[in-house]
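Participant: model_3.txt is reproduced in full below (compact mmCIF, C-alpha atoms and all ligand atoms).
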```
# COMPACT_ATOMS: atom_id res chain seq x y z
CA MET G 925 0.00 0.00 0.00
CA LEU G 926 0.96 3.64 -0.24
CA SER G 927 3.15 5.03 2.45
CA MET G 928 3.09 8.80 2.34
CA SER G 929 3.63 9.47 6.00
CA ILE G 930 6.64 11.49 6.99
CA VAL G 931 7.23 11.17 10.68
CA THR G 932 8.62 14.34 12.09
CA SER G 933 7.83 14.19 15.78
CA GLN G 934 9.86 12.65 18.62
CA THR G 935 8.42 9.67 20.46
CA ILE G 936 6.57 10.82 23.58
CA TYR G 937 7.46 8.83 26.70
CA ASP G 938 6.73 11.58 29.16
CA GLU G 939 3.19 12.10 30.48
CA SER G 940 3.70 15.88 30.64
CA LYS G 941 4.23 15.96 26.86
CA VAL G 942 0.93 14.25 26.07
CA PRO G 943 -1.24 16.78 24.23
CA THR G 944 -4.59 17.81 25.67
CA PHE G 945 -7.45 16.61 23.51
CA GLU G 946 -11.14 16.01 23.66
CA VAL G 947 -12.14 12.36 23.95
CA PRO G 948 -14.88 11.72 21.36
CA ASP G 949 -17.99 10.58 23.24
CA PRO G 950 -19.15 7.08 22.24
CA LEU G 951 -22.68 8.15 23.19
CA VAL G 952 -22.96 11.22 20.95
CA THR G 953 -23.42 10.71 17.20
CA PHE G 954 -21.24 12.42 14.58
CA GLY G 955 -24.27 14.68 14.05
CA GLY G 956 -24.36 15.67 17.75
CA GLU G 957 -27.29 13.54 18.89
CA LYS G 958 -27.12 12.15 22.41
CA ILE G 959 -27.56 8.37 22.67
CA ASN G 960 -29.45 7.34 25.78
CA SER G 961 -30.79 3.88 25.04
CA VAL G 962 -29.45 0.50 23.94
CA ARG G 963 -31.85 0.65 21.02
CA LYS G 964 -30.41 3.91 19.72
CA TRP G 965 -26.87 2.69 20.31
CA GLU G 966 -27.54 -0.43 18.26
CA LYS G 967 -29.61 1.24 15.52
CA VAL G 968 -27.77 4.53 15.08
CA ARG G 969 -24.47 4.99 16.85
CA ARG G 970 -22.88 1.55 16.71
CA PRO G 971 -23.41 1.23 12.92
CA GLU G 972 -21.97 4.67 12.19
CA LEU G 973 -18.88 4.00 14.34
CA LEU G 974 -18.38 0.56 12.82
CA LYS G 975 -18.64 2.09 9.36
CA PHE G 976 -16.07 4.74 10.20
CA PHE G 977 -13.55 2.16 11.42
CA GLU G 978 -14.27 0.02 8.37
CA ASN G 979 -13.82 2.76 5.81
CA ASN G 980 -11.04 4.74 7.44
CA VAL G 981 -9.00 2.54 9.78
CA TYR G 982 -8.96 -1.22 9.09
CA GLY G 983 -10.65 -1.27 5.69
CA LYS G 984 -13.72 -3.16 4.60
CA LEU G 985 -14.00 -6.66 3.16
CA PRO G 986 -14.44 -6.64 -0.63
CA LYS G 987 -17.01 -9.42 -0.45
CA ALA G 988 -18.29 -12.19 1.77
CA LEU G 989 -16.70 -15.60 1.34
CA LYS G 990 -17.76 -18.83 2.99
CA ILE G 991 -15.74 -21.95 3.79
CA ASP G 992 -15.69 -24.12 0.69
CA SER G 993 -14.65 -27.28 2.54
CA TYR G 994 -12.81 -28.44 5.60
CA THR G 995 -10.59 -31.43 6.22
CA ILE G 996 -9.50 -32.96 9.49
CA LEU G 997 -5.82 -33.42 8.65
CA GLU G 998 -5.02 -35.19 11.88
CA GLN G 999 -6.74 -36.15 15.11
CA ASP G 1000 -5.76 -37.83 18.40
CA ASN G 1001 -8.00 -38.31 21.40
CA ASN G 1002 -5.01 -38.97 23.63
CA ALA G 1003 -2.76 -36.02 23.01
CA LEU G 1004 -0.50 -34.22 25.52
CA ASN G 1005 0.06 -37.36 27.61
CA GLY G 1006 -3.59 -38.24 27.55
CA LYS G 1007 -4.74 -34.86 28.76
CA ALA G 1008 -6.37 -33.54 25.61
CA LYS G 1009 -8.01 -34.19 22.30
CA ARG G 1010 -6.02 -32.71 19.44
CA LYS G 1011 -7.33 -31.86 15.98
CA GLN G 1012 -5.73 -30.11 13.04
CA VAL G 1013 -8.39 -28.84 10.72
CA GLN G 1014 -7.74 -27.27 7.36
CA LEU G 1015 -10.28 -24.76 6.04
CA THR G 1016 -10.30 -24.16 2.30
CA PHE G 1017 -11.70 -21.15 0.43
CA LYS G 1018 -12.18 -20.74 -3.30
CA ASN G 1019 -12.85 -17.76 -5.54
CA ASN G 1020 -12.27 -17.11 -9.26
CA ASP G 1021 -10.27 -20.32 -9.68
CA LYS G 1022 -8.02 -19.32 -6.81
CA ILE G 1023 -7.67 -21.21 -3.57
CA LEU G 1024 -6.55 -20.46 0.00
CA SER G 1025 -6.24 -22.81 2.97
CA PHE G 1026 -5.33 -22.37 6.59
CA THR G 1027 -5.03 -24.85 9.42
CA ILE G 1028 -6.48 -24.58 12.91
CA LEU G 1029 -4.67 -26.45 15.67
CA LEU G 1030 -7.15 -27.40 18.38
CA TYR G 1031 -6.58 -28.80 21.86
CA LEU G 1032 -9.79 -29.67 23.70
CA PRO G 1033 -10.26 -30.91 27.28
CA LYS G 1034 -10.92 -34.63 27.23
CA ASN G 1035 -13.65 -34.61 29.83
CA LEU G 1036 -15.98 -32.18 28.04
CA ASP G 1037 -18.44 -32.96 25.27
CA LYS G 1038 -18.53 -29.36 24.14
CA ALA G 1039 -15.78 -26.95 25.09
CA PRO G 1040 -15.60 -23.17 25.26
CA VAL G 1041 -12.52 -22.08 23.35
CA PHE G 1042 -9.87 -19.38 23.31
CA LEU G 1043 -8.99 -18.59 19.70
CA GLY G 1044 -5.84 -16.68 18.79
CA TYR G 1045 -3.18 -16.45 16.10
CA ASN G 1046 0.47 -17.27 16.55
CA PHE G 1047 3.43 -15.49 14.93
CA TYR G 1048 5.75 -18.34 13.86
CA GLY G 1049 3.64 -21.42 13.24
CA ASN G 1050 1.36 -23.73 15.22
CA HIS G 1051 4.34 -25.96 16.03
CA THR G 1052 5.98 -23.15 18.04
CA ILE G 1053 3.25 -23.07 20.70
CA THR G 1054 3.92 -26.62 21.98
CA GLU G 1055 6.58 -29.36 22.07
CA ASP G 1056 3.96 -31.76 20.69
CA LYS G 1057 5.71 -33.50 17.78
CA ALA G 1058 2.46 -34.18 15.94
CA VAL G 1059 1.79 -30.53 15.21
CA LEU G 1060 2.20 -29.88 11.50
CA ILE G 1061 4.60 -27.24 10.24
CA SER G 1062 3.08 -24.68 7.90
CA THR G 1063 4.64 -24.12 4.49
CA ALA G 1064 3.33 -20.55 4.28
CA TRP G 1065 5.64 -17.55 3.95
CA ALA G 1066 7.21 -16.31 7.18
CA ASN G 1067 9.23 -13.28 8.20
CA ASN G 1068 12.89 -14.23 8.60
CA ASN G 1069 13.90 -14.41 12.25
CA GLU G 1070 17.23 -15.57 13.65
CA ASP G 1071 15.75 -16.64 17.00
CA PHE G 1072 13.43 -19.02 15.20
CA GLY G 1073 16.08 -20.08 12.69
CA ILE G 1074 13.89 -18.76 9.88
CA GLU G 1075 15.83 -18.05 6.70
CA ASN G 1076 14.34 -17.95 3.22
CA HIS G 1077 10.94 -17.24 4.74
CA THR G 1078 10.41 -20.88 5.68
CA LEU G 1079 9.21 -22.27 9.02
CA ILE G 1080 11.34 -25.07 10.41
CA GLU G 1081 11.35 -27.99 12.85
CA GLU G 1082 14.03 -26.39 15.07
CA SER G 1083 11.57 -23.80 16.32
CA ARG G 1084 9.09 -26.38 17.61
CA GLY G 1085 8.08 -25.38 21.14
CA LYS G 1086 9.93 -22.05 21.01
CA ARG G 1087 6.85 -20.09 22.07
CA THR G 1088 5.40 -22.45 24.70
CA HIS G 1089 5.80 -19.75 27.36
CA ARG G 1090 3.19 -17.63 25.57
CA TRP G 1091 0.56 -20.37 25.48
CA ALA G 1092 -0.49 -21.77 28.85
CA VAL G 1093 -2.03 -24.83 27.18
CA GLU G 1094 -2.22 -26.95 30.35
CA LYS G 1095 -3.74 -24.20 32.47
CA ILE G 1096 -6.31 -23.54 29.75
CA LEU G 1097 -7.27 -27.22 29.48
CA ASP G 1098 -7.34 -27.72 33.27
CA ALA G 1099 -9.73 -24.79 33.54
CA GLY G 1100 -12.12 -26.47 31.11
CA TYR G 1101 -11.37 -24.51 27.93
CA GLY G 1102 -10.06 -25.51 24.57
CA LEU G 1103 -7.35 -23.63 22.71
CA ALA G 1104 -7.44 -22.97 19.00
CA THR G 1105 -4.59 -21.34 17.14
CA ILE G 1106 -3.69 -20.52 13.55
CA TYR G 1107 -0.44 -19.35 11.96
CA TYR G 1108 -1.36 -15.83 10.80
CA GLY G 1109 0.88 -16.01 7.71
CA GLU G 1110 -1.43 -18.62 6.19
CA VAL G 1111 -4.25 -16.08 6.02
CA ASP G 1112 -2.13 -13.14 4.93
CA PRO G 1113 1.68 -13.00 4.87
CA ASP G 1114 2.81 -10.08 7.04
CA LYS G 1115 4.53 -7.95 4.41
CA ASN G 1116 3.73 -4.87 2.40
CA ASP G 1117 2.82 -6.81 -0.69
CA PHE G 1118 -0.72 -7.64 -1.61
CA SER G 1119 -0.01 -10.25 -4.25
CA ASP G 1120 -0.77 -13.16 -1.96
CA GLY G 1121 -2.95 -14.37 0.92
CA VAL G 1122 -6.63 -13.67 1.15
CA HIS G 1123 -6.32 -10.27 -0.56
CA ASN G 1124 -5.29 -11.91 -3.79
CA LEU G 1125 -8.05 -14.49 -3.42
CA LEU G 1126 -10.71 -11.80 -3.42
CA TYR G 1127 -9.43 -9.35 -6.03
CA GLN G 1128 -11.62 -8.42 -8.93
CA GLN G 1129 -10.11 -9.60 -12.23
CA THR G 1130 -7.54 -6.85 -12.84
CA GLN G 1131 -7.09 -5.69 -9.27
CA ARG G 1132 -3.56 -5.72 -7.82
CA GLN G 1133 -4.05 -4.07 -4.46
CA PRO G 1134 -6.86 -3.10 -2.11
CA LYS G 1135 -8.74 0.15 -2.76
CA PRO G 1136 -8.15 2.98 -0.23
CA ASP G 1137 -11.13 1.89 1.85
CA GLU G 1138 -10.50 -1.84 1.50
CA TRP G 1139 -8.92 -4.14 4.04
CA GLY G 1140 -5.33 -4.09 5.18
CA SER G 1141 -3.71 -7.07 6.86
CA ILE G 1142 -5.32 -6.61 10.28
CA ALA G 1143 -8.79 -6.84 8.74
CA ALA G 1144 -7.65 -9.84 6.70
CA TRP G 1145 -6.41 -11.65 9.81
CA SER G 1146 -9.65 -10.78 11.62
CA TRP G 1147 -11.53 -12.29 8.70
CA GLY G 1148 -9.63 -15.55 9.30
CA MET G 1149 -10.71 -15.60 12.95
CA VAL G 1150 -14.31 -15.09 11.93
CA ARG G 1151 -14.10 -17.96 9.44
CA ALA G 1152 -12.61 -20.18 12.17
CA LEU G 1153 -15.70 -19.32 14.21
CA ASP G 1154 -17.85 -20.45 11.25
CA TYR G 1155 -16.05 -23.78 11.43
CA PHE G 1156 -16.57 -24.02 15.22
CA GLU G 1157 -20.32 -23.79 14.62
CA LYS G 1158 -20.05 -27.02 12.63
CA ASP G 1159 -17.83 -28.85 15.13
CA PRO G 1160 -19.94 -30.71 17.73
CA GLU G 1161 -17.00 -30.75 20.19
CA ILE G 1162 -16.91 -26.96 20.42
CA ASP G 1163 -19.34 -24.61 22.12
CA ALA G 1164 -19.41 -21.92 19.45
CA THR G 1165 -21.47 -19.63 21.69
CA LYS G 1166 -18.45 -19.41 24.03
CA VAL G 1167 -15.52 -18.53 21.83
CA ILE G 1168 -13.16 -15.87 23.15
CA SER G 1169 -10.93 -14.06 20.70
CA PHE G 1170 -7.41 -13.51 21.94
CA GLY G 1171 -4.33 -11.87 20.49
CA HIS G 1172 -1.01 -10.30 21.37
CA SER G 1173 0.35 -7.10 19.89
CA ARG G 1174 -0.52 -6.81 16.15
CA LEU G 1175 -2.62 -9.91 16.70
CA GLY G 1176 -4.27 -8.17 19.68
CA LYS G 1177 -5.31 -5.39 17.30
CA THR G 1178 -6.65 -8.23 15.14
CA SER G 1179 -8.53 -9.82 18.04
CA LEU G 1180 -10.26 -6.51 18.82
CA TRP G 1181 -11.29 -5.94 15.22
CA ALA G 1182 -12.61 -9.51 14.96
CA GLY G 1183 -14.62 -8.99 18.14
CA ALA G 1184 -15.95 -5.65 16.93
CA THR G 1185 -17.05 -6.94 13.54
CA ASP G 1186 -18.57 -10.25 14.62
CA VAL G 1187 -20.91 -10.28 17.61
CA ARG G 1188 -20.73 -14.08 17.82
CA PHE G 1189 -17.45 -13.79 19.75
CA ALA G 1190 -18.50 -14.24 23.36
CA GLY G 1191 -15.51 -12.39 24.76
CA VAL G 1192 -12.49 -10.47 23.51
CA ILE G 1193 -8.92 -10.19 24.83
CA SER G 1194 -6.34 -7.62 23.81
CA ASN G 1195 -2.85 -8.44 25.10
CA ASN G 1196 -0.46 -5.49 24.69
CA SER G 1197 -2.17 -4.38 21.47
CA GLY G 1198 -1.04 -0.73 21.62
CA CYS G 1199 -1.40 1.71 18.74
CA GLY G 1200 -4.24 0.84 16.37
CA GLY G 1201 -5.43 -1.60 19.03
CA ALA G 1202 -6.59 -0.64 22.52
CA ALA G 1203 -4.42 2.49 23.02
CA LEU G 1204 -5.86 5.96 22.47
CA SER G 1205 -4.31 7.45 19.32
CA LYS G 1206 -4.82 11.08 20.34
CA ARG G 1207 -2.40 10.73 23.27
CA LYS G 1208 0.44 10.19 20.76
CA PHE G 1209 2.33 8.36 23.51
CA GLY G 1210 4.82 5.74 22.28
CA GLU G 1211 3.90 4.49 18.83
CA THR G 1212 1.79 6.96 16.82
CA VAL G 1213 -0.48 6.65 13.80
CA GLY G 1214 2.26 8.16 11.61
CA ARG G 1215 4.84 5.71 12.91
CA ILE G 1216 2.70 2.65 12.46
CA ASN G 1217 1.59 3.65 8.97
CA THR G 1218 5.24 4.18 8.01
CA SER G 1219 6.64 0.95 9.48
CA PHE G 1220 3.68 -1.26 8.60
CA PRO G 1221 1.91 0.37 5.64
CA HIS G 1222 -0.04 -2.80 4.94
CA TRP G 1223 -1.75 -3.22 8.32
CA PHE G 1224 -4.46 -0.58 7.92
CA CYS G 1225 -6.36 0.69 4.88
CA ASP G 1226 -4.80 3.53 2.87
CA ASN G 1227 -7.48 5.96 4.10
CA PHE G 1228 -5.95 5.72 7.58
CA ASP G 1229 -2.86 7.50 6.32
CA GLN G 1230 -4.72 10.84 6.34
CA TYR G 1231 -4.41 10.70 10.16
CA SER G 1232 -0.64 10.14 10.21
CA ASP G 1233 0.79 12.98 12.32
CA ASN G 1234 -2.74 14.30 12.24
CA GLU G 1235 -4.52 12.49 15.08
CA GLU G 1236 -6.38 15.71 15.93
CA ALA G 1237 -8.44 15.23 12.78
CA LEU G 1238 -9.70 11.79 13.84
CA PRO G 1239 -13.42 12.02 14.69
CA VAL G 1240 -13.05 8.76 16.69
CA ASP G 1241 -10.52 7.13 18.97
CA GLN G 1242 -9.76 3.55 19.90
CA HIS G 1243 -12.05 3.45 22.97
CA GLN G 1244 -14.87 3.54 20.44
CA LEU G 1245 -13.48 0.42 18.83
CA LEU G 1246 -13.64 -1.20 22.29
CA ALA G 1247 -17.19 0.09 22.74
CA LEU G 1248 -18.24 -1.82 19.62
CA ILE G 1249 -17.62 -5.01 21.62
CA ALA G 1250 -20.21 -4.06 24.28
CA PRO G 1251 -21.98 -5.65 26.05
CA ARG G 1252 -19.72 -8.69 25.59
CA PRO G 1253 -16.87 -9.20 28.06
CA LEU G 1254 -13.67 -7.40 27.13
CA TYR G 1255 -10.20 -7.70 28.68
CA VAL G 1256 -7.44 -5.19 27.93
CA ALA G 1257 -3.99 -6.00 29.31
CA SER G 1258 -0.74 -4.03 29.34
CA ALA G 1259 2.83 -4.61 30.50
CA GLN G 1260 4.78 -2.15 32.60
CA GLU G 1261 7.86 -2.10 30.37
CA ASP G 1262 5.83 -1.91 27.17
CA GLU G 1263 5.80 1.88 26.89
CA TRP G 1264 5.69 1.69 23.09
CA ALA G 1265 2.12 0.33 23.44
CA ASP G 1266 1.14 3.08 25.92
CA PRO G 1267 -0.29 1.21 28.94
CA LYS G 1268 -2.02 4.32 30.25
CA GLY G 1269 -3.64 4.91 26.86
CA GLU G 1270 -4.83 1.30 26.87
CA PHE G 1271 -6.28 1.72 30.36
CA LEU G 1272 -8.04 5.02 29.60
CA SER G 1273 -9.46 3.56 26.45
CA SER G 1274 -11.11 0.72 28.37
CA TYR G 1275 -12.36 3.29 30.89
CA TYR G 1276 -13.89 5.51 28.18
CA ALA G 1277 -15.49 2.51 26.47
CA SER G 1278 -17.24 1.65 29.72
CA SER G 1279 -20.09 4.17 29.27
CA VAL G 1280 -21.52 1.92 26.55
CA TYR G 1281 -21.28 -1.14 28.82
CA GLU G 1282 -23.06 0.82 31.53
CA LEU G 1283 -25.86 1.63 29.09
CA TYR G 1284 -26.41 -2.14 28.94
CA GLY G 1285 -26.33 -2.37 32.74
CA LYS G 1286 -22.90 -4.02 32.72
CA LYS G 1287 -20.03 -3.04 34.94
CA GLY G 1288 -17.20 -1.29 33.16
CA ILE G 1289 -13.85 -0.13 34.54
CA GLY G 1290 -15.49 2.25 36.98
CA THR G 1291 -12.50 4.42 37.83
CA MET G 1292 -10.22 6.78 35.96
CA GLU G 1293 -7.41 5.90 38.31
CA MET G 1294 -5.08 3.39 36.79
CA PRO G 1295 -4.74 0.27 38.97
CA LYS G 1296 -1.37 -0.62 40.47
CA VAL G 1297 0.85 -3.10 38.70
CA ASN G 1298 -0.37 -6.71 39.15
CA GLU G 1299 -3.71 -5.60 40.61
CA PRO G 1300 -6.29 -6.41 37.96
CA ILE G 1301 -9.72 -4.81 37.73
CA GLN G 1302 -12.09 -7.54 36.59
CA ASN G 1303 -15.61 -6.57 35.61
CA THR G 1304 -17.36 -7.19 32.30
CA VAL G 1305 -14.65 -4.79 31.15
CA ALA G 1306 -11.35 -5.90 32.67
CA TYR G 1307 -7.88 -4.40 32.72
CA HIS G 1308 -4.49 -5.23 34.15
CA ILE G 1309 -0.96 -4.00 33.90
CA ARG G 1310 1.60 -6.58 34.91
CA THR G 1311 5.31 -6.36 35.57
CA GLY G 1312 7.59 -7.19 32.69
CA LYS G 1313 7.85 -6.59 29.01
CA HIS G 1314 5.87 -6.88 25.80
CA ASP G 1315 4.91 -10.57 25.90
CA VAL G 1316 2.25 -13.05 26.97
CA THR G 1317 2.88 -14.72 30.32
CA ASP G 1318 1.26 -17.25 32.64
CA TYR G 1319 0.15 -14.33 34.77
CA ASP G 1320 -1.82 -12.98 31.81
CA TRP G 1321 -3.45 -16.36 31.15
CA GLU G 1322 -4.30 -16.95 34.83
CA ASN G 1323 -6.19 -13.68 34.81
CA TYR G 1324 -7.89 -14.26 31.46
CA ILE G 1325 -9.12 -17.63 32.75
CA LYS G 1326 -10.38 -16.18 36.01
CA TRP G 1327 -12.27 -13.45 34.17
CA ALA G 1328 -13.62 -15.87 31.54
CA ASN G 1329 -14.89 -18.15 34.36
CA ALA G 1330 -16.78 -15.23 35.86
CA PHE G 1331 -18.06 -13.48 32.73
CA VAL G 1332 -18.07 -15.85 29.76
CA LYS G 1333 -18.44 -19.46 30.87
C1 LIG M 1401 5.77 -3.46 16.48
C2 LIG M 1401 4.65 -2.49 16.18
C3 LIG M 1401 3.47 -2.67 17.13
C4 LIG M 1401 3.06 -4.12 17.19
C5 LIG M 1401 4.25 -5.01 17.48
C6 LIG M 1401 3.97 -6.50 17.41
O1 LIG M 1401 6.37 -3.13 17.70
O2 LIG M 1401 5.17 -1.20 16.21
O3 LIG M 1401 2.38 -1.89 16.71
O4 LIG M 1401 2.02 -4.29 18.12
O5 LIG M 1401 5.26 -4.77 16.52
O6 LIG M 1401 3.03 -6.92 16.78
O7 LIG M 1401 4.77 -7.25 17.98
```
Take the structure in the file and give it back as structure tokens.
Ligand code: GCU
Facilitator:
Amino acid sequence: MLSMSIVTSQTIYDESKVPTFEVPDPLVTFGGEKINSVRKWEKVRRPELLKFFENNVYGKLPKALKIDSYTILEQDNNALNGKAKRKQVQLTFKNNDKILSFTILLYLPKNLDKAPVFLGYNFYGNHTITEDKAVLISTAWANNNEDFGIENHTLIEESRGKRTHRWAVEKILDAGYGLATIYYGEVDPDKNDFSDGVHNLLYQQTQRQPKPDEWGSIAAWSWGMVRALDYFEKDPEIDATKVISFGHSRLGKTSLWAGATDVRFAGVISNNSGCGGAALSKRKFGETVGRINTSFPHWFCDNFDQYSDNEEALPVDQHQLLALIAPRPLYVASAQEDEWADPKGEFLSSYYASSVYELYGKKGIGTMEMPKVNEPIQNTVAYHIRTGKHDVTDYDWENYIKWANAFVK
């Protein structure tokens, strides 16, 4: 996509340098009308906000596309030392003689007929989330990465289990949830090139890249999560009414957009999603709209570039993305050393989204005072900031499970 942003400003890491700005009210329409009922929120305000984010931030889908077929590639009812059922399910999509497939790795608790599930993408292949030798290695394009031994954009055996610390599989299963994960590169390779992945699948005959209001990569990845949910509705072992979308960082932005666009997600988790995710853009703290559009021009739609170094002009902010998830449970989490993602901006955003939850009679964040480190606030809207860096830890999962037990299960 185009990258016209020229970033001139210094990164703000000092609260006193945060500009003053007006927080756009989720409960006042662009035309100035006050929203005071759930009915009006759902009929008037929610649709106009969703449309704004679709046309100007993440980009809209060019057309609807259903699963053409699915194949259980592999299955074992005695996986992980007899603890879980494992399934690897390939979904296939077809359009204009083109084809795209991606594979969901599923672990389900053995003792449940129908399991609620956490669904989230991984960065370097399904085989990185576990030591389990049976997990298939994707052949899709990958970003090169020395730590994962990835050269020539190819995922390899040596990185099996390299990301187990980010996926508390046992804790999840013991708590009575399944885990479903997908390698995000199978849906759309993470590079500024729109010749492949689901974009290419859905182009009109002569099209080579998305139109200015059409989907970037985040919307494409969200699409994949939504299609996985379509599959869950067909799988008798999964309770599709209790699927929680989860994601870290760019995939946390993805989880939020999936939850905003598809109300079938029963809960939504944003782990350290930062700019373009849970963090308020107008604070310009850490990563800014200009920075993200320069470094990752393919993540958002081209229309979003008009707000690069121009956040003042945005008629919305990211708390209104969070509000689109109401009244469904929402968890926003930050890490103390992850200043780039602006923990305070992520907290305030969940606070400002809470007015819409309250309209539904649900408990939001309830206080503008940021909680202390490692002291979660858990209501229908939940927030924590933990010690440590940009990552997903057992502490995060323990809290997601506790909150899901109380508000989703
Ligand atoms: C970069 C990017 C962030 C993103 C992160 C990630 O740091 O600037 O916006 O969240 O990568 O996805 O790991």
Participant: Residues within 9 Å of Phe1331 (chain G), please, as a PDB file with C-alpha atoms, in the frame of the given file. Count all atoms listed in the file; anything in the same chain fewer than 4 positions from it doesn't count.
Facilitator:
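Done, and the output landed in result-v5.pdb:
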```
ATOM      1  CA  GLY G1191     -15.510 -12.390  24.760  1.00  0.00           C
ATOM      2  CA  ARG G1252     -19.720  -8.690  25.590  1.00  0.00           C
ATOM      3  CA  PRO G1253     -16.870  -9.200  28.060  1.00  0.00           C
ATOM      4  CA  ASN G1303     -15.610  -6.570  35.610  1.00  0.00           C
ATOM      5  CA  THR G1304     -17.360  -7.190  32.300  1.00  0.00           C
ATOM      6  CA  LYS G1326     -10.380 -16.180  36.010  1.00  0.00           C
ATOM      7  CA  TRP G1327     -12.270 -13.450  34.170  1.00  0.00           C
TER       8      TRP G1327
END
```
Participant: Which residues form the shell of 10 Å around ligand LIG 1401 (chain M) when you count only C-alpha atoms and all ligand atoms, given as a ChimeraX atom specification?
Facilitator: /G:1047,1171-1178,1195-1201,1210-1213,1215-1220,1223,1262,1264-1265,1314-1315
Participant: Put those residues in a file: C-alpha atoms, as a short mmCIF file (atom, residue, chain, number, x, y, z; two decimals), in the coordinates of the input.
Facilitator:
```cif
data_model
loop_
_atom_site.label_atom_id
_atom_site.label_comp_id
_atom_site.auth_asym_id
_atom_site.auth_seq_id
_atom_site.Cartn_x
_atom_site.Cartn_y
_atom_site.Cartn_z
CA PHE G 1047 3.43 -15.49 14.93
CA GLY G 1171 -4.33 -11.87 20.49
CA HIS G 1172 -1.01 -10.30 21.37
CA SER G 1173 0.35 -7.10 19.89
CA ARG G 1174 -0.52 -6.81 16.15
CA LEU G 1175 -2.62 -9.91 16.70
CA GLY G 1176 -4.27 -8.17 19.68
CA LYS G 1177 -5.31 -5.39 17.30
CA THR G 1178 -6.65 -8.23 15.14
CA ASN G 1195 -2.85 -8.44 25.10
CA ASN G 1196 -0.46 -5.49 24.69
CA SER G 1197 -2.17 -4.38 21.47
CA GLY G 1198 -1.04 -0.73 21.62
CA CYS G 1199 -1.40 1.71 18.74
CA GLY G 1200 -4.24 0.84 16.37
CA GLY G 1201 -5.43 -1.60 19.03
CA GLY G 1210 4.82 5.74 22.28
CA GLU G 1211 3.90 4.49 18.83
CA THR G 1212 1.79 6.96 16.82
CA VAL G 1213 -0.48 6.65 13.80
CA ARG G 1215 4.84 5.71 12.91
CA ILE G 1216 2.70 2.65 12.46
CA ASN G 1217 1.59 3.65 8.97
CA THR G 1218 5.24 4.18 8.01
CA SER G 1219 6.64 0.95 9.48
CA PHE G 1220 3.68 -1.26 8.60
CA TRP G 1223 -1.75 -3.22 8.32
CA ASP G 1262 5.83 -1.91 27.17
CA TRP G 1264 5.69 1.69 23.09
CA ALA G 1265 2.12 0.33 23.44
CA HIS G 1314 5.87 -6.88 25.80
CA ASP G 1315 4.91 -10.57 25.90
#
```
Participant: I want to know what sits within 8 Å of Lys1018 (chain G), based on all atoms listed in the file, with residues of the same chain fewer than 4 positions away left out; could you give that as number ranges by chain?
Facilitator: G: 992, 1022-1024, 1125
Participant: Rank G:Ile1168, G:Ala1144, G:Leu1030, G:Val1256 by their smallest atom-to-atom distance to Asp1120 (chain G), using all atoms listed in the file, and report the top residue only.
Facilitator: G:Ala1144
Participant: Residues near Tyr1108 (chain G), anyone? I mean within 8 Å using all atoms listed in the file, not counting same-chain ones fewer than 3 positions away, as a list in words.
Facilitator: Tyr1045, Asn1046, Phe1047, Gly1049, Val1111, Asp1112, Pro1113 and Trp1145 of chain G
Participant: Write the residues of the selection above to a file with C-alpha atoms, as a PDB file, in the coordinates of the input.
Facilitator:
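Below is the file that was written, result_4.pdb:
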```pdb
ATOM      1  CA  TYR G1045      -3.180 -16.450  16.100  1.00  0.00           C
ATOM      2  CA  ASN G1046       0.470 -17.270  16.550  1.00  0.00           C
ATOM      3  CA  PHE G1047       3.430 -15.490  14.930  1.00  0.00           C
ATOM      4  CA  GLY G1049       3.640 -21.420  13.240  1.00  0.00           C
ATOM      5  CA  VAL G1111      -4.250 -16.080   6.020  1.00  0.00           C
ATOM      6  CA  ASP G1112      -2.130 -13.140   4.930  1.00  0.00           C
ATOM      7  CA  PRO G1113       1.680 -13.000   4.870  1.00  0.00           C
ATOM      8  CA  TRP G1145      -6.410 -11.650   9.810  1.00  0.00           C
TER       9      TRP G1145
END
```
Participant: How far is it from CA of Gly956 (chain G) to CA of Phe1224 (chain G), in Å with one decimal?
Facilitator: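 Atom-to-atom, CA of Gly956 (chain G) and CA of Phe1224 (chain G) are spaced 27.5 Å apart.
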Participant: Counting only C-alpha atoms, which of G:Asp1229, G:Glu1235, G:Glu972, G:Asp1163 gets nearest to Val952 (chain G)?
Facilitator: G:Glu972
Participant: Quick one: residues within 12 Å of Pro950 (chain G), all atoms listed in the file, excluding same-chain residues fewer than 4 positions away - as a count of residues only?
Facilitator: 38
Participant: Let me make sure I understand: among G:Glu1322, G:Met1294, G:Leu1043, G:Phe1118, which one has the smallest atom-to-atom distance to Gln1131 (chain G) if we use all atoms listed in the file?
Facilitator: G:Phe1118
Participant: Skip Asp1318 (chain G) itself and residues of its chain fewer than 3 positions away, then list as a list of chain:residue names all residues within 10 Å of it, counting only C-alpha atoms.
Facilitator: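 After dropping sequence-adjacent residues, the list is G:His1089, G:Arg1090, G:Trp1091, G:Ala1092, G:Val1093, G:Lys1095, G:Trp1321, G:Glu1322, G:Asn1323, G:Tyr1324.
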Participant: I'd like the interatomic distance between CA of Asn1001 (chain G) and CA of Ile1061 (chain G), to a tenth of an Å.
Facilitator: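 Value for the CA of Asn1001 (chain G)-CA of Ile1061 (chain G) distance: 20.1 Å.
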Participant: Report, in Å with one decimal, the straight-line distance from CA of Asp1233 (chain G) to CA of Asn980 (chain G).
Facilitator: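 One can read the CA of Asp1233 (chain G) to CA of Asn980 (chain G) distance as 15.2 Å.
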Participant: Which of these, G:Gln1302, G:Asn1019, G:Asn1050, G:Thr1291, has the shortest distance to Gln1128 (chain G) once you count only C-alpha atoms?
Facilitator: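 Of G:Gln1302, G:Asn1019, G:Asn1050, G:Thr1291, the one nearest Gln1128 (chain G), counting only C-alpha atoms, is G:Asn1019.
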